[in-house]
Amino acid sequence: MGITIDGLARRYGAFAALERVSLDIADGEFVALLGPSGSGKTTLLRILAGLDDPDEGRVRRDGEDLLALDARERHVGLVFQHYALFAHMTVADNVAFGLRVRPRSQRPARREIAARVAELLKRVQLEGYERRYPAQLSGGQRQRVALARALAIEPSLLLLDEPFGALDAQVRVALRGWLRDLQRSLGLTTVLVTHDQEEALEMADRVVVMNRGRIEQIGTPAQIYREPATPFVHDFIGRSNRLDGYVEHGRLLLSGYALQGELPMMLDDRAVSAWLRPEQVTLAPRGEAGWPARITRLQVAGSAVRVALTLAGQGAQIEAEWSEEEVSRHALAEGSAVTVQLRTLTLFAEGREPSRHVFRPRHDTMVPLTQAAGATVDIGPWLHRKL
Amino acid sequence: MEAVLARPVYRRRSLASRLVRGLLTGVAVLCAALLLLLPLLVVFAEGLAHGWAVFVAAITDPDARTAVKLTLLVAAIAVPANMLFGLAAAWLMTHFEFRGKSLLGALIDLPFAVSPVVAGLVYVLTYGVHGWFGGWLDAHGLRVIFAVPGVVLATVFVAFPFVARELIPLMQSRGSEEEVAARTLGAGGWQIFFRVTLPRIRWALLYGVLLCSARSMGEFGAVSVVSGHLPGLTNTLPLQVDQVYNGGSGDAVASAFALASLLALLTLVTLVIKRLVEWRHGGELARAAARH
């Protein structure tokens, strides 16, 4: 059953924070809302928590209308970026808060509350911290208290609003895996809002990439990375190269070269943007054809080396990522001439109906666009003229 | 590390900076002594100048006792009223966006800007016999001006900003995330206020209330205009001091100073409590004060 979000829209004056967003979240699923600031992910979270009301749309939880309930009746656990712990209460009082404010008839007995608090603190590995105040805890500990406090009300939905945003990089990585395991063991439906793609891709079952109030793509972390549905997703997730090209007579004209390969008819005579990841730019095996290029910069990043290349032709700049071993084997340095192959290009046709096509160029038949008769010459990124 | 870096800086600047520091401290202490401490001592000294008997007679005089009672009564009404107004205004200013918010902010500060005498006159013109509501009030047998309600109104007016101005910066700096968290945990409005909001602002609130009560008890100008100076009826302690002083009897000056010392004592007590609050909860208040 889970949560069904249907056509949610929210406007603030002229600014559309959410535009007809629909999303199904399965029971026990971990969903990450990923996007830059202003993409609408926090607005969506606030609507789910009952802190904001949509202008249009519905949200159902197991068939029940969630929007009809006030925030305090929703049983939604919310964890904030800056913890929002009650500074004047001890850790134990913070965790017990949600139980103590219940109406008398539903309130557990004092001893029962104490037992639940102890159990929750054990869950978040903070036994023995009951009597401390939030100010006496580290950031990671505070966030775990905030999590225990949210879990105390036995929520049917857990919302995490940039929960690691205020933490050190090391603590962040440690907490990520820990929280993921905890969520799995509880089987609790969880929505994480983040602008950190690593966090989203590592933790979530499914990632929802948002941009300007719309959903760009919904998919598993692997799908999001390997098969980006839109240019925005390709650009936003991981590292990307973008080249502008034009499709003509079944050939892709790209930066002064004509590449042959499988191209659908519908792309003919259309401007396209060609995207590829740095790891899809490889050195051509000895004796094979490829694209002449020159290395302009080598930068060691851990075990990999980031290589900035200038392609022959119109001098397009792209980035490749090769292993250190490969770089030293070929004795590559800044200024070296190399031959590279572009393994897979994802083409997005510009225009009203964006279409996506995966293109594997054949390097053996690639030819430079010379000024021979019948060839075309580029007079701008998208403009070509027959000679 | 810090000490190592700091020491040479001190040494280089030591001579000039110590001289300037000493000079400034001296001037400040001298000013405080001449303008604040000396007059305060004079109040007590003059009060006792004609002997203990005159002092006791002055403060046990029926009119004086009524004045003390009225002063405390007015403070007992004005301070809680201003506390509630201040809390509500601060809550409104920090938790909501609405039209005329800056106007409300300006209105809260109005009593600081307007001369108390003008404030008093405004009340006379509004509620006095010849004022806007004067006829209606008179017809219903209600007296506001030259009566206790007028004194209370004027006092509420002049002491209005203290609580709100103390709370607004603190509430602004803390934001409302804790309240939001409490709401998602199932707390209702009053539970949020008493369990989350109030504990957070309690010391700033107490501080504002103390300032407010000191002002309420000491107000002269506005009260003077609306009270009508009726001894034993509408004279508060400051007015009584003024009247006795100008009364012209043999022990007038000593009696006036005896009453004044009583007033000073009341204010000193609030000041001591204020210092204690500051000393115990300096951190919370400093954060609020830094925004002023």
# chains A, B, ... in the order shown; residues from 1 in each chain; ligands from 1
$ interface_residues --of "chain B" --to "chain A" --cutoff "10 Å" --atoms "only C-alpha atoms" --output "ChimeraX atom specification"
/B:174-188,191-192,195-197,199-200
$ write_last_selection --atoms "C-alpha atoms" --output "PDB file, in the first residue's frame"
ATOM      1  CA  ARG B 174      16.106  30.622  17.904  1.00  0.00           C
ATOM      2  CA  GLY B 175      13.667  30.259  15.018  1.00  0.00           C
ATOM      3  CA  SER B 176      10.623  28.018  15.272  1.00  0.00           C
ATOM      4  CA  GLU B 177      12.082  24.632  14.375  1.00  0.00           C
ATOM      5  CA  GLU B 178      11.674  23.283  17.901  1.00  0.00           C
ATOM      6  CA  GLU B 179       7.996  24.225  17.870  1.00  0.00           C
ATOM      7  CA  VAL B 180       7.588  22.518  14.500  1.00  0.00           C
ATOM      8  CA  ALA B 181       9.293  19.408  15.865  1.00  0.00           C
ATOM      9  CA  ALA B 182       6.977  19.435  18.895  1.00  0.00           C
ATOM     10  CA  ARG B 183       3.955  19.672  16.619  1.00  0.00           C
ATOM     11  CA  THR B 184       4.967  16.690  14.495  1.00  0.00           C
ATOM     12  CA  LEU B 185       5.488  14.770  17.741  1.00  0.00           C
ATOM     13  CA  GLY B 186       1.811  15.348  18.521  1.00  0.00           C
ATOM     14  CA  ALA B 187       1.881  18.320  20.911  1.00  0.00           C
ATOM     15  CA  GLY B 188      -1.015  20.803  20.928  1.00  0.00           C
ATOM     16  CA  GLN B 191       1.637  22.067  25.233  1.00  0.00           C
ATOM     17  CA  ILE B 192       4.062  23.586  22.733  1.00  0.00           C
ATOM     18  CA  ARG B 195       6.812  22.807  27.357  1.00  0.00           C
ATOM     19  CA  VAL B 196       8.943  24.170  24.501  1.00  0.00           C
ATOM     20  CA  THR B 197       8.600  27.927  23.991  1.00  0.00           C
ATOM     21  CA  PRO B 199      11.230  27.282  29.049  1.00  0.00           C
ATOM     22  CA  ARG B 200      13.428  28.638  26.291  1.00  0.00           C
TER      23      ARG B 200
END
$ select_by_dssp --residues "segment 136-322 of chain A" --states "alpha helix (DSSP H)" --output "PyMOL selection string"
chain A and resi 139-152+169-186+197-203+221-226+231-236
$ atom_distance --atom1 "atom CA of Ala147 of chain B" --atom2 "atom CA of Leu104 of chain B"
29.3 Å
$ residues_around --residues "segment 343-345 of chain A" --least-positions-apart "3" --cutoff "8 Å" --atoms "only C-alpha atoms" --output "PyMOL selection string"
chain A and resi 274-276+280-282+358-361
$ residues_around --residues "Gly7 of chain A" --least-positions-apart "5" --cutoff "12 Å" --atoms "only C-alpha atoms" --output "PyMOL selection string"
chain A and resi 18-24+44+54-60+213-215
$ select_by_dssp --residues "segment 286-316 of chain A" --states "strand (DSSP E)" --output "VMD selection string"
chain A and resid 291 to 301 304 to 311
$ atom_distance --atom1 "atom CA of Val114 of chain B" --atom2 "atom CA of Val158 of chain B"
8.9 Å
$ closest_residue --among "B:Val79, B:Gly128, B:Leu84, B:Pro161" --to "Phe112 of chain B" --atoms "only C-alpha atoms"
B:Pro161
